[in-house]
file structure16.tsv (TSV, C-alpha atoms)
chain	number	residue	atom	x	y	z
A	1	MET	CA	-68.68	-47.58	40.92
A	2	LEU	CA	-65.01	-48.09	41.82
A	3	LYS	CA	-64.10	-48.36	45.48
A	4	ASN	CA	-61.71	-45.66	46.69
A	5	ARG	CA	-58.16	-46.58	47.63
A	6	ALA	CA	-56.09	-44.84	50.32
A	7	PHE	CA	-52.41	-43.91	50.07
A	8	LEU	CA	-49.89	-42.06	52.16
A	9	LEU	CA	-47.64	-39.72	50.18
A	10	TRP	CA	-44.37	-38.50	51.71
A	11	LEU	CA	-43.37	-35.06	50.40
A	12	ARG	CA	-40.04	-33.24	50.49
A	13	TYR	CA	-39.96	-29.53	49.73
A	14	ASP	CA	-38.03	-26.31	49.95
A	15	GLY	CA	-40.53	-23.96	51.59
A	16	THR	CA	-38.75	-20.74	50.64
A	17	GLU	CA	-41.11	-19.84	47.79
A	18	PHE	CA	-44.24	-21.35	49.35
A	19	HIS	CA	-46.73	-19.62	51.64
A	20	GLY	CA	-47.03	-22.77	53.73
A	21	TRP	CA	-48.87	-26.04	53.18
A	22	GLN	CA	-52.49	-24.87	53.09
A	23	ARG	CA	-54.13	-23.86	49.83
A	24	GLN	CA	-54.62	-20.10	49.48
A	25	ALA	CA	-56.50	-18.11	46.88
A	26	ASN	CA	-53.75	-15.64	46.03
A	27	ALA	CA	-50.53	-17.30	47.18
A	28	ARG	CA	-48.44	-20.29	46.20
A	29	SER	CA	-48.86	-23.28	48.56
A	30	VAL	CA	-47.57	-26.85	48.77
A	31	GLN	CA	-51.13	-28.17	48.83
A	32	GLY	CA	-51.93	-26.18	45.70
A	33	ALA	CA	-48.87	-27.54	43.91
A	34	LEU	CA	-49.73	-31.13	44.85
A	35	GLU	CA	-53.39	-30.75	43.88
A	36	GLY	CA	-52.34	-29.30	40.53
A	37	ALA	CA	-50.08	-32.28	39.90
A	38	LEU	CA	-52.77	-34.75	40.94
A	39	ALA	CA	-55.23	-33.05	38.61
A	40	VAL	CA	-52.88	-33.82	35.73
A	41	VAL	CA	-51.96	-37.37	36.77
A	42	LEU	CA	-55.35	-38.57	38.05
A	43	LYS	CA	-58.10	-36.31	36.74
A	44	GLY	CA	-56.63	-36.64	33.29
A	45	LYS	CA	-57.82	-40.24	33.60
A	46	GLY	CA	-61.23	-39.15	34.87
A	47	SER	CA	-60.47	-39.96	38.52
A	48	SER	CA	-61.32	-37.98	41.65
A	49	PHE	CA	-59.18	-37.49	44.77
A	50	ARG	CA	-59.18	-36.04	48.27
A	51	LEU	CA	-56.23	-35.00	50.47
A	52	GLY	CA	-55.60	-34.82	54.21
A	53	THR	CA	-52.47	-34.10	56.23
A	54	THR	CA	-51.08	-34.08	59.77
A	55	SER	CA	-49.19	-30.80	59.49
A	56	ARG	CA	-49.90	-27.32	58.16
A	57	THR	CA	-46.44	-25.85	57.79
A	58	ASP	CA	-46.12	-22.06	57.77
A	59	ALA	CA	-44.71	-19.88	55.01
A	60	GLY	CA	-40.99	-20.49	54.51
A	61	VAL	CA	-40.86	-23.76	56.49
A	62	HIS	CA	-39.29	-26.78	54.77
A	63	ALA	CA	-40.00	-30.51	54.94
A	64	LEU	CA	-37.90	-33.64	54.62
A	65	ARG	CA	-40.84	-36.01	55.10
A	66	HIS	CA	-44.30	-34.42	55.15
A	67	PRO	CA	-47.10	-37.03	55.14
A	68	VAL	CA	-50.22	-36.46	53.07
A	69	GLY	CA	-53.15	-38.85	52.92
A	70	LEU	CA	-54.65	-39.42	49.47
A	71	GLU	CA	-58.02	-41.02	48.77
A	72	THR	CA	-58.83	-41.73	45.13
A	73	ASP	CA	-60.90	-44.00	42.91
A	74	SER	CA	-58.00	-44.22	40.44
A	75	ARG	CA	-56.49	-47.63	39.66
A	76	ILE	CA	-53.07	-46.13	38.95
A	77	PRO	CA	-50.23	-48.32	40.35
A	78	MET	CA	-48.11	-46.87	43.14
A	79	ASP	CA	-44.95	-46.59	41.07
A	80	GLY	CA	-46.95	-44.87	38.33
A	81	LEU	CA	-48.36	-42.42	40.87
A	82	LEU	CA	-44.88	-41.68	42.22
A	83	LYS	CA	-43.29	-41.19	38.82
A	84	GLY	CA	-46.26	-39.31	37.40
A	85	LEU	CA	-46.40	-36.77	40.22
A	86	ASN	CA	-42.66	-36.13	40.17
A	87	SER	CA	-42.79	-35.56	36.42
A	88	VAL	CA	-45.19	-32.62	36.79
A	89	LEU	CA	-44.50	-31.17	40.26
A	90	PRO	CA	-42.40	-27.97	40.44
A	91	ARG	CA	-38.70	-28.34	41.19
A	92	ASP	CA	-38.99	-27.30	44.84
A	93	VAL	CA	-41.32	-30.14	45.87
A	94	SER	CA	-41.21	-33.90	45.26
A	95	VAL	CA	-42.86	-37.13	46.38
A	96	VAL	CA	-40.22	-39.41	47.89
A	97	GLU	CA	-42.47	-42.33	48.82
A	98	VAL	CA	-45.98	-43.70	48.29
A	99	ALA	CA	-47.47	-46.31	50.66
A	100	ARG	CA	-50.81	-48.10	50.65
A	101	ALA	CA	-53.03	-47.27	53.62
A	102	PRO	CA	-56.21	-48.93	54.92
A	103	GLU	CA	-59.69	-47.83	53.89
A	104	GLY	CA	-60.77	-44.70	55.75
A	105	PHE	CA	-57.18	-43.82	56.68
A	106	SER	CA	-56.75	-40.37	58.27
A	107	ALA	CA	-53.16	-39.11	58.43
A	108	ARG	CA	-54.10	-36.61	61.15
A	109	LYS	CA	-55.82	-39.14	63.42
A	110	ALA	CA	-53.29	-41.93	62.88
A	111	SER	CA	-50.13	-39.92	63.59
A	112	MET	CA	-48.37	-40.84	66.83
A	113	ALA	CA	-45.50	-38.35	67.01
A	114	LYS	CA	-43.72	-35.67	65.00
A	115	THR	CA	-40.10	-34.64	64.69
A	116	TYR	CA	-38.88	-31.20	63.68
A	117	VAL	CA	-35.31	-30.07	63.08
A	118	TYR	CA	-34.24	-26.44	63.42
A	119	ARG	CA	-30.87	-25.26	62.07
A	120	VAL	CA	-28.88	-22.34	63.48
A	121	MET	CA	-25.66	-21.19	61.79
A	122	GLU	CA	-23.00	-19.48	63.92
A	123	ASP	CA	-21.23	-17.14	61.52
A	124	ARG	CA	-20.75	-13.41	61.14
A	125	VAL	CA	-20.43	-13.72	57.37
A	126	PRO	CA	-23.52	-14.34	55.19
A	127	ASP	CA	-23.57	-17.66	53.35
A	128	PRO	CA	-25.62	-17.73	50.11
A	129	PHE	CA	-26.38	-21.43	50.63
A	130	GLU	CA	-26.79	-21.80	54.40
A	131	ASP	CA	-28.74	-18.57	54.85
A	132	ARG	CA	-31.63	-20.11	52.89
A	133	TYR	CA	-31.96	-23.02	55.32
A	134	SER	CA	-30.82	-21.72	58.72
A	135	TRP	CA	-31.03	-18.83	61.16
A	136	ARG	CA	-27.64	-17.10	61.16
A	137	LEU	CA	-26.34	-15.80	64.47
A	138	LYS	CA	-23.27	-13.63	64.81
A	139	GLY	CA	-22.33	-15.13	68.19
A	140	ARG	CA	-21.58	-18.63	69.46
A	141	LEU	CA	-24.11	-20.44	71.64
A	142	ASP	CA	-23.28	-21.94	75.02
A	143	LEU	CA	-24.65	-25.44	74.36
A	144	ASP	CA	-24.33	-26.57	77.96
A	145	ALA	CA	-26.64	-23.73	78.98
A	146	VAL	CA	-29.01	-24.45	76.06
A	147	ARG	CA	-29.26	-28.12	77.02
A	148	ALA	CA	-29.86	-27.25	80.66
A	149	GLY	CA	-32.69	-24.95	79.63
A	150	ALA	CA	-34.14	-27.54	77.24
A	151	ARG	CA	-34.48	-30.10	80.03
A	152	HIS	CA	-37.20	-27.97	81.64
A	153	LEU	CA	-39.39	-28.49	78.58
A	154	LEU	CA	-39.33	-32.29	78.50
A	155	GLY	CA	-42.49	-34.13	79.47
A	156	GLU	CA	-46.14	-33.09	79.31
A	157	HIS	CA	-46.86	-29.43	80.01
A	158	ASP	CA	-49.15	-26.53	79.22
A	159	PHE	CA	-47.13	-24.84	76.45
A	160	SER	CA	-49.25	-21.67	76.27
A	161	ALA	CA	-46.09	-19.53	76.57
A	162	PHE	CA	-44.73	-21.20	73.44
A	163	ARG	CA	-47.71	-20.86	71.11
A	164	SER	CA	-48.63	-18.21	68.57
A	165	ALA	CA	-51.52	-15.87	69.29
A	166	GLU	CA	-53.11	-17.25	66.11
A	167	CYS	CA	-52.95	-20.87	67.37
A	168	ASP	CA	-56.42	-22.45	67.32
A	169	ALA	CA	-55.57	-25.76	69.04
A	170	GLY	CA	-58.23	-26.93	71.48
A	171	THR	CA	-55.73	-27.50	74.28
A	172	PRO	CA	-52.22	-26.11	74.93
A	173	ARG	CA	-51.05	-29.34	76.62
A	174	ARG	CA	-48.41	-31.23	74.66
A	175	LEU	CA	-45.92	-34.00	75.39
A	176	LEU	CA	-42.30	-33.28	74.45
A	177	ASN	CA	-40.41	-36.57	74.20
A	178	ALA	CA	-36.95	-35.31	73.24
A	179	LEU	CA	-35.05	-32.11	72.56
A	180	VAL	CA	-31.52	-32.80	71.31
A	181	VAL	CA	-29.05	-29.98	70.62
A	182	GLN	CA	-25.89	-30.73	68.61
A	183	ARG	CA	-23.14	-28.75	66.92
A	184	ASP	CA	-21.46	-29.74	63.64
A	185	GLY	CA	-18.96	-27.12	62.54
A	186	ARG	CA	-20.82	-23.83	62.20
A	187	VAL	CA	-24.28	-25.39	62.40
A	188	VAL	CA	-26.25	-26.10	65.59
A	189	THR	CA	-29.30	-28.34	65.18
A	190	PHE	CA	-32.28	-28.56	67.52
A	191	THR	CA	-34.14	-31.86	67.06
A	192	VAL	CA	-37.54	-31.71	68.75
A	193	CYS	CA	-39.86	-34.71	69.10
A	194	GLY	CA	-43.35	-34.70	70.55
A	195	ASN	CA	-46.84	-36.13	70.23
A	196	ALA	CA	-48.06	-32.92	68.55
A	197	PHE	CA	-47.14	-29.24	68.35
A	198	LEU	CA	-48.88	-25.91	68.75
A	199	ARG	CA	-48.55	-23.25	66.08
A	200	ASN	CA	-45.00	-21.81	66.07
A	201	MET	CA	-44.18	-23.90	69.16
A	202	VAL	CA	-40.84	-25.20	67.88
A	203	ARG	CA	-39.76	-21.79	66.59
A	204	ILE	CA	-40.61	-20.09	69.92
A	205	ILE	CA	-38.78	-22.82	71.85
A	206	VAL	CA	-35.70	-22.31	69.68
A	207	GLY	CA	-35.93	-18.53	69.96
A	208	SER	CA	-36.10	-18.82	73.74
A	209	LEU	CA	-33.23	-21.31	74.00
A	210	VAL	CA	-31.09	-19.03	71.84
A	211	GLU	CA	-31.65	-16.32	74.47
A	212	VAL	CA	-30.20	-18.73	77.03
A	213	GLY	CA	-27.35	-19.77	74.75
A	214	MET	CA	-26.36	-16.14	74.18
A	215	GLY	CA	-26.17	-15.54	77.94
A	216	ARG	CA	-29.18	-13.22	78.14
A	217	HIS	CA	-31.00	-15.52	80.57
A	218	ALA	CA	-30.07	-18.38	82.87
A	219	PRO	CA	-31.30	-21.88	81.96
A	220	GLU	CA	-33.85	-21.71	84.81
A	221	TRP	CA	-35.57	-18.85	82.99
A	222	ILE	CA	-37.10	-21.44	80.62
A	223	ALA	CA	-38.90	-23.07	83.58
A	224	SER	CA	-40.33	-19.72	84.68
A	225	VAL	CA	-41.51	-18.94	81.15
A	226	LEU	CA	-43.20	-22.33	80.91
A	227	ALA	CA	-44.92	-21.81	84.26
A	228	SER	CA	-46.11	-18.32	83.28
A	229	ARG	CA	-48.23	-19.65	80.37
A	230	ASP	CA	-47.70	-16.19	78.91
A	231	ARG	CA	-46.36	-15.84	75.36
A	232	THR	CA	-44.96	-12.38	76.09
A	233	GLN	CA	-42.54	-13.90	78.61
A	234	ALA	CA	-40.82	-16.16	76.06
A	235	GLY	CA	-38.19	-15.29	73.48
A	236	ARG	CA	-38.71	-14.29	69.87
A	237	THR	CA	-40.16	-16.61	67.26
A	238	ALA	CA	-37.19	-17.98	65.31
A	239	PRO	CA	-37.45	-17.30	61.55
A	240	PRO	CA	-39.15	-19.99	59.47
A	241	ARG	CA	-36.23	-20.65	57.11
A	242	GLY	CA	-34.39	-22.79	59.67
A	243	LEU	CA	-37.29	-25.16	60.39
A	244	PHE	CA	-37.78	-28.57	58.78
A	245	LEU	CA	-40.57	-31.08	59.34
A	246	ALA	CA	-38.34	-34.16	59.57
A	247	GLY	CA	-40.92	-36.89	59.98
A	248	VAL	CA	-44.17	-38.20	61.44
A	249	GLU	CA	-44.64	-41.60	63.07
A	250	PHE	CA	-47.56	-43.91	62.27
A	251	PRO	CA	-48.37	-47.41	63.53
A	252	THR	CA	-46.36	-49.69	61.25
A	253	GLU	CA	-49.23	-52.16	60.89
A	254	LEU	CA	-51.36	-49.51	59.17
A	255	LEU	CA	-49.12	-49.04	56.15
A	256	ALA	CA	-48.34	-51.58	53.47
A	257	GLU	CA	-45.33	-51.69	51.17
A	258	GLY	CA	-45.04	-48.83	48.73
A	259	ALA	CA	-42.97	-47.21	46.01
A	260	HIS	CA	-39.82	-45.24	46.82
A	261	ALA	CA	-37.97	-42.54	44.94
A	262	TRP	CA	-34.57	-44.04	45.83
call {"tool": "encode", "arguments": {"input": "structure16.tsv", "output": "structure tokens"}}
result
Amino acid sequence: MLKNRAFLLWLRYDGTEFHGWQRQANARSVQGALEGALAVVLKGKGSSFRLGTTSRTDAGVHALRHPVGLETDSRIPMDGLLKGLNSVLPRDVSVVEVARAPEGFSARKASMAKTYVYRVMEDRVPDPFEDRYSWRLKGRLDLDAVRAGARHLLGEHDFSAFRSAECDAGTPRRLLNALVVQRDGRVVTFTVCGNAFLRNMVRIIVGSLVEVGMGRHAPEWIASVLASRDRTQAGRTAPPRGLFLAGVEFPTELLAEGAHAW
């Protein structure tokens, strides 16, 4: 019997037409698309496989680098796995990198930190390209106020006020390492880094900071919302189309060299 090998696949996808990462019986998912491609590339050779991931993105959320652990008894080389998957995956999802991982590797347990990017477009006129990948606002944000509000969220806190009612995490405590807000032309980006995130946490943070940036609340309001631990006190949940999973950090010693799409 062949010994299983472990890999880490890095996916990139446009989440517009997907109902999130997790496989669903009656809806299109990223997991379903990847499993279908693996069934062609690996099971066509009589091999079995099992997947695991660190992140379950919601419907409409995109990814630049979404890590997925793969365990398989296949002997396929890494470059063959990369090319084979990209030859059969749908156009809105691709594998950009494959890396070898140690036996028993768990992407969820090994992850150290995650980075999300949220894009806001300041424009009164619809844009057929940007509207697919950003939240369009008709006003201009006061970035000084936004940054002042964001500082209240840095560090380890109980983020109950910034979690969805459907969140099933065992604890609401999370460590936010960085929250960087930048403007480039019409687009404002929120780059949020932390050890882990609650469901909808980034989108609720952005929705609340937009309230501050539009002058509806003072920056100190963010601190009071955080202290309240009450979701009803925070701002709206920003729409999913502006959110990108930008990357996940793993201990470098765990991953060997791999195959890259570029």
call {"tool": "closest_residue", "arguments": {"input": "structure16.tsv", "among": "A:Val95, A:Val120, A:Val41, A:Leu11", "to": "Trp135 in chain A", "atoms": "all atoms listed in the file"}}
result
A:Val120
call {"tool": "atom_distance", "arguments": {"input": "structure16.tsv", "atom1": "CA of Glu35 in chain A", "atom2": "CA of Leu51 in chain A"}}
result
8.3 Å
call {"tool": "atom_distance", "arguments": {"input": "structure16.tsv", "atom1": "CA of Ser134 in chain A", "atom2": "CA of Gly247 in chain A"}}
result
18.3 Å
call {"tool": "closest_residue", "arguments": {"input": "structure16.tsv", "among": "A:Ala161, A:Ala150, A:Ala227, A:Val180", "to": "Arg199 in chain A", "atoms": "only C-alpha atoms"}}
result
A:Ala161
call {"tool": "closest_residue", "arguments": {"input": "structure16.tsv", "among": "A:Thr237, A:Thr191, A:Ser87, A:Thr54", "to": "Leu8 in chain A", "atoms": "only C-alpha atoms"}}
result
A:Thr54
call {"tool": "closest_residue", "arguments": {"input": "structure16.tsv", "among": "A:Ala101, A:Ala145, A:Ala223, A:Val61", "to": "Val202 in chain A", "atoms": "only C-alpha atoms"}}
result
A:Val61
call {"tool": "closest_residue", "arguments": {"input": "structure16.tsv", "among": "A:Arg163, A:Arg183, A:Lys114, A:Arg124", "to": "Leu143 in chain A", "atoms": "only C-alpha atoms"}}
result
A:Arg183
call {"tool": "residues_around", "arguments": {"input": "structure16.tsv", "residues": "Val125 in chain A", "least_positions_apart": "6", "cutoff": "10 Å", "atoms": "all atoms listed in the file", "output": "list in words"}}
result
Asp131, Arg136, Leu137 and Lys138 of chain A
call {"tool": "write_last_selection", "arguments": {"input": "structure16.tsv", "atoms": "C-alpha atoms", "output": "tab-separated table (two decimals), in the frame of the given file"}}
result
chain	number	residue	atom	x	y	z
A	131	ASP	CA	-28.74	-18.57	54.85
A	136	ARG	CA	-27.64	-17.10	61.16
A	137	LEU	CA	-26.34	-15.80	64.47
A	138	LYS	CA	-23.27	-13.63	64.81
call {"tool": "atom_distance", "arguments": {"input": "structure16.tsv", "atom1": "CA of Asn177 in chain A", "atom2": "CA of His157 in chain A"}}
result
11.2 Å
call {"tool": "decode", "arguments": {"input": "structure16.tsv", "residues": "range 100-116 of chain A", "atoms": "N, CA and C atoms", "output": "PDB file, in the first residue's frame"}}
result
ATOM      1  N   ARG A 100       5.395  20.852  -1.137  1.00  0.00           N
ATOM      2  CA  ARG A 100       5.380  19.628  -0.334  1.00  0.00           C
ATOM      3  C   ARG A 100       5.245  19.996   1.131  1.00  0.00           C
ATOM      4  N   ALA A 101       4.502  19.210   1.870  1.00  0.00           N
ATOM      5  CA  ALA A 101       4.298  19.417   3.297  1.00  0.00           C
ATOM      6  C   ALA A 101       4.635  18.129   4.038  1.00  0.00           C
ATOM      7  N   PRO A 102       4.931  18.201   5.324  1.00  0.00           N
ATOM      8  CA  PRO A 102       5.282  16.997   6.075  1.00  0.00           C
ATOM      9  C   PRO A 102       4.090  16.074   6.282  1.00  0.00           C
ATOM     10  N   GLU A 103       4.374  14.831   6.575  1.00  0.00           N
ATOM     11  CA  GLU A 103       3.331  13.832   6.838  1.00  0.00           C
ATOM     12  C   GLU A 103       2.448  14.305   7.989  1.00  0.00           C
ATOM     13  N   GLY A 104       1.147  14.171   7.816  1.00  0.00           N
ATOM     14  CA  GLY A 104       0.201  14.583   8.846  1.00  0.00           C
ATOM     15  C   GLY A 104      -0.047  16.078   8.901  1.00  0.00           C
ATOM     16  N   PHE A 105       0.382  16.795   7.867  1.00  0.00           N
ATOM     17  CA  PHE A 105       0.239  18.254   7.846  1.00  0.00           C
ATOM     18  C   PHE A 105      -1.231  18.670   7.898  1.00  0.00           C
ATOM     19  N   SER A 106      -1.539  19.644   8.767  1.00  0.00           N
ATOM     20  CA  SER A 106      -2.880  20.223   8.854  1.00  0.00           C
ATOM     21  C   SER A 106      -2.761  21.714   8.591  1.00  0.00           C
ATOM     22  N   ALA A 107      -3.338  22.189   7.496  1.00  0.00           N
ATOM     23  CA  ALA A 107      -3.265  23.615   7.169  1.00  0.00           C
ATOM     24  C   ALA A 107      -3.894  24.455   8.263  1.00  0.00           C
ATOM     25  N   ARG A 108      -4.992  23.988   8.836  1.00  0.00           N
ATOM     26  CA  ARG A 108      -5.684  24.756   9.878  1.00  0.00           C
ATOM     27  C   ARG A 108      -4.829  24.880  11.128  1.00  0.00           C
ATOM     28  N   LYS A 109      -4.230  23.786  11.577  1.00  0.00           N
ATOM     29  CA  LYS A 109      -3.449  23.812  12.814  1.00  0.00           C
ATOM     30  C   LYS A 109      -2.103  24.511  12.637  1.00  0.00           C
ATOM     31  N   ALA A 110      -1.538  24.445  11.437  1.00  0.00           N
ATOM     32  CA  ALA A 110      -0.203  24.999  11.224  1.00  0.00           C
ATOM     33  C   ALA A 110      -0.203  26.492  10.930  1.00  0.00           C
ATOM     34  N   SER A 111      -1.347  27.062  10.564  1.00  0.00           N
ATOM     35  CA  SER A 111      -1.370  28.484  10.188  1.00  0.00           C
ATOM     36  C   SER A 111      -1.048  29.366  11.390  1.00  0.00           C
ATOM     37  N   MET A 112      -0.262  30.415  11.129  1.00  0.00           N
ATOM     38  CA  MET A 112       0.182  31.327  12.182  1.00  0.00           C
ATOM     39  C   MET A 112      -0.550  32.667  12.144  1.00  0.00           C
ATOM     40  N   ALA A 113      -0.896  33.115  10.951  1.00  0.00           N
ATOM     41  CA  ALA A 113      -1.556  34.416  10.800  1.00  0.00           C
ATOM     42  C   ALA A 113      -2.208  34.481   9.434  1.00  0.00           C
ATOM     43  N   LYS A 114      -3.211  35.365   9.326  1.00  0.00           N
ATOM     44  CA  LYS A 114      -3.909  35.563   8.053  1.00  0.00           C
ATOM     45  C   LYS A 114      -3.938  37.044   7.717  1.00  0.00           C
ATOM     46  N   THR A 115      -3.975  37.315   6.425  1.00  0.00           N
ATOM     47  CA  THR A 115      -4.097  38.696   5.958  1.00  0.00           C
ATOM     48  C   THR A 115      -5.261  38.789   4.983  1.00  0.00           C
ATOM     49  N   TYR A 116      -6.135  39.750   5.232  1.00  0.00           N
ATOM     50  CA  TYR A 116      -7.241  40.046   4.320  1.00  0.00           C
ATOM     51  C   TYR A 116      -7.072  41.465   3.788  1.00  0.00           C
TER      52      TYR A 116
END
